[in-house]
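Enquirer: Pasting a structure here, questions to come.
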Amino acid sequence: MNERLELDDLRHHEQFIALESEVKELTRRSLEQAALLEALSGKVSGAGQEDKLSLIVFSGSLDRLIAAFVLATGAAAMGMQVSMFFTFWATAALRKDAKVKKTLLERMFGWMLPKGVKELPLSQMNMAGGGPLMIRHIMKKKGVSSVEEMIDLCAEFSVELNVCTMSMDLLGMKPEELIDYPNLSFCGVAKFLETAAPGKLTLFL
Amino acid sequence: MTEVDARGKSCPLPIVLTAKALRSASAGELVTVRADDRAFPEDIQAWCRKTSHELVSLESKAGFFEALVKKP
């Protein structure tokens, strides 16, 4: 009878030792995973997490500019930080009426390009200028803000407007002929990439 | 109580005007927003969720929608 009890004891003791070492192993592994998680979360935070919309506006069509500004003002109203980058044909949309010193070639480009939002064509149904007039008329009737009004709203909501200097050089545009916008910045691709990389939403129009 | 009348205005103006009104509102203040834009019901709910404002009520009235938004 005694022997029987001793055998049981021994078995329980062995089981206990096995369990103990298993618990130790599990604890070790869970501490390892916690450390790994912490290391990873340091790398993940900031990657595409900023509540920011970055927009590249490339097109110089009125329809695309309307879309760009609806997105920008909408995002700003939703509390997002918004940064717009005007490049290529879109830089013409930011022109105002101004007498600027230019070379002959630059002046030629100046004549051929739209002088601001009022002269932008539609990408379809332009109908030699009839299209934009129609669209503007309907927008007014339906209470849709004009692009000019949306630009004012952007200023109110501190939307950043950046202009690609390379495009300006190619199209012969000077800073003095661009609209007055608070903190209008002149930049290159690096500024765009740095601004857009940590943001949640980046679009090309 | 601040009232925003965005009737006759289309997207994005209703929520832009809402954002402006709530910006200058004081904590806990109620702002009424009226709009007849068909997108308004969805947009105002999305706006409140995104900006953490309480949508106290959203009603359909004669020809327009009326939302009551509370600043946290």
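Every chain in the structure tokens has a letter given in the order shown (A, B, ...), and although residue numbers restart at 1 in each chain, ligands are simply numbered from 1 in the order shown.
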Using only C-alpha atoms, find each residue of chain B with at least one atom at most 9 Å away from an atom of chain A; report its shortest atom-to-atom pair and that distance in Å (one decimal), sort the rows by chain and rising residue number, and return the result as JSON lines.

Expert:
{"residue": "B:Arg7", "atom": "CA", "partner": "A:Gly143", "partner_atom": "CA", "distance": 8.7}
{"residue": "B:Gly8", "atom": "CA", "partner": "A:Gly143", "partner_atom": "CA", "distance": 5.5}
{"residue": "B:Lys9", "atom": "CA", "partner": "A:Gly143", "partner_atom": "CA", "distance": 4.2}
{"residue": "B:Ser10", "atom": "CA", "partner": "A:Val144", "partner_atom": "CA", "distance": 4.8}
{"residue": "B:Cys11", "atom": "CA", "partner": "A:Val144", "partner_atom": "CA", "distance": 6.7}
{"residue": "B:Pro12", "atom": "CA", "partner": "A:Gly74", "partner_atom": "CA", "distance": 5.7}
{"residue": "B:Leu13", "atom": "CA", "partner": "A:Ser145", "partner_atom": "CA", "distance": 7.0}
{"residue": "B:Ile15", "atom": "CA", "partner": "A:Ala77", "partner_atom": "CA", "distance": 6.5}
{"residue": "B:Val16", "atom": "CA", "partner": "A:Ala77", "partner_atom": "CA", "distance": 5.0}
{"residue": "B:Leu17", "atom": "CA", "partner": "A:Ala77", "partner_atom": "CA", "distance": 8.2}
{"residue": "B:Thr18", "atom": "CA", "partner": "A:Ala77", "partner_atom": "CA", "distance": 8.0}
{"residue": "B:Ala19", "atom": "CA", "partner": "A:Ala77", "partner_atom": "CA", "distance": 5.4}
{"residue": "B:Lys20", "atom": "CA", "partner": "A:Ala77", "partner_atom": "CA", "distance": 7.8}
{"residue": "B:Ala46", "atom": "CA", "partner": "A:Met78", "partner_atom": "CA", "distance": 8.6}
{"residue": "B:Trp47", "atom": "CA", "partner": "A:Met78", "partner_atom": "CA", "distance": 5.8}
{"residue": "B:Cys48", "atom": "CA", "partner": "A:Met78", "partner_atom": "CA", "distance": 8.5}
{"residue": "B:Lys50", "atom": "CA", "partner": "A:Met78", "partner_atom": "CA", "distance": 6.4}
{"residue": "B:Thr51", "atom": "CA", "partner": "A:Met78", "partner_atom": "CA", "distance": 6.2}

Enquirer: Would you export the selected residues with C-alpha atoms as a PDB file, in the first residue's frame, please?

Expert:
ATOM      1  CA  ARG B   7     -30.589  75.121 -48.653  1.00  0.00           C
ATOM      2  CA  GLY B   8     -30.017  75.671 -52.356  1.00  0.00           C
ATOM      3  CA  LYS B   9     -26.363  74.759 -51.968  1.00  0.00           C
ATOM      4  CA  SER B  10     -24.699  71.615 -53.279  1.00  0.00           C
ATOM      5  CA  CYS B  11     -21.825  69.444 -52.102  1.00  0.00           C
ATOM      6  CA  PRO B  12     -19.381  70.266 -50.635  1.00  0.00           C
ATOM      7  CA  LEU B  13     -20.897  73.475 -49.299  1.00  0.00           C
ATOM      8  CA  ILE B  15     -20.612  70.197 -44.803  1.00  0.00           C
ATOM      9  CA  VAL B  16     -18.095  72.977 -45.357  1.00  0.00           C
ATOM     10  CA  LEU B  17     -20.557  75.452 -43.813  1.00  0.00           C
ATOM     11  CA  THR B  18     -21.248  72.941 -41.033  1.00  0.00           C
ATOM     12  CA  ALA B  19     -17.514  72.688 -40.329  1.00  0.00           C
ATOM     13  CA  LYS B  20     -17.183  76.468 -40.200  1.00  0.00           C
ATOM     14  CA  ALA B  46     -20.061  60.795 -42.238  1.00  0.00           C
ATOM     15  CA  TRP B  47     -18.896  64.242 -41.165  1.00  0.00           C
ATOM     16  CA  CYS B  48     -20.058  63.746 -37.583  1.00  0.00           C
ATOM     17  CA  LYS B  50     -15.143  61.565 -38.816  1.00  0.00           C
ATOM     18  CA  THR B  51     -14.920  64.702 -36.709  1.00  0.00           C
TER      19      THR B  51
END

Enquirer: Can you pull out the residues contacting stretch 84-101 of chain A? Cut-off 6 Å, using only C-alpha atoms, and skip same-chain residues under 2 positions away; I want them as a list in words.

Expert: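 Counting only C-alpha atoms, the residues come to Ser54, Leu55, Ile56, Val57, Phe58, Ser59, Gly60, Pro114, Lys115, Gly116, Val117, Glu160, Leu161, Asn162, Val163, Cys164, Ser167, Glu177, Leu178 and Ile179 of chain A.
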
Enquirer: Separation of atom CA of B:Pro72 and atom CA of B:Gly28, in Å?

Expert: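 Computing it gives 5.4 Å between the two atoms.
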
Enquirer: I'd like to know which residues of chain B are helix (DSSP H, G or I) (by DSSP, run on the backbone); could you write them as a ChimeraX atom specification?

Expert: /B:13-23,40-51

Enquirer: Excluding B:Ala62 and any residue of its chain fewer than 3 positions from it, enumerate the residues within 12 Å of it, using only C-alpha atoms, and give them as a list in words.

Expert: Arg7, Arg34, Ala35, Asp36, Glu59, Phe65 and Glu66 of chain B

Enquirer: Which distance in Å separates atom CA of A:Ser61 and atom CA of A:His137, to one decimal?

Expert: 16.8 Å
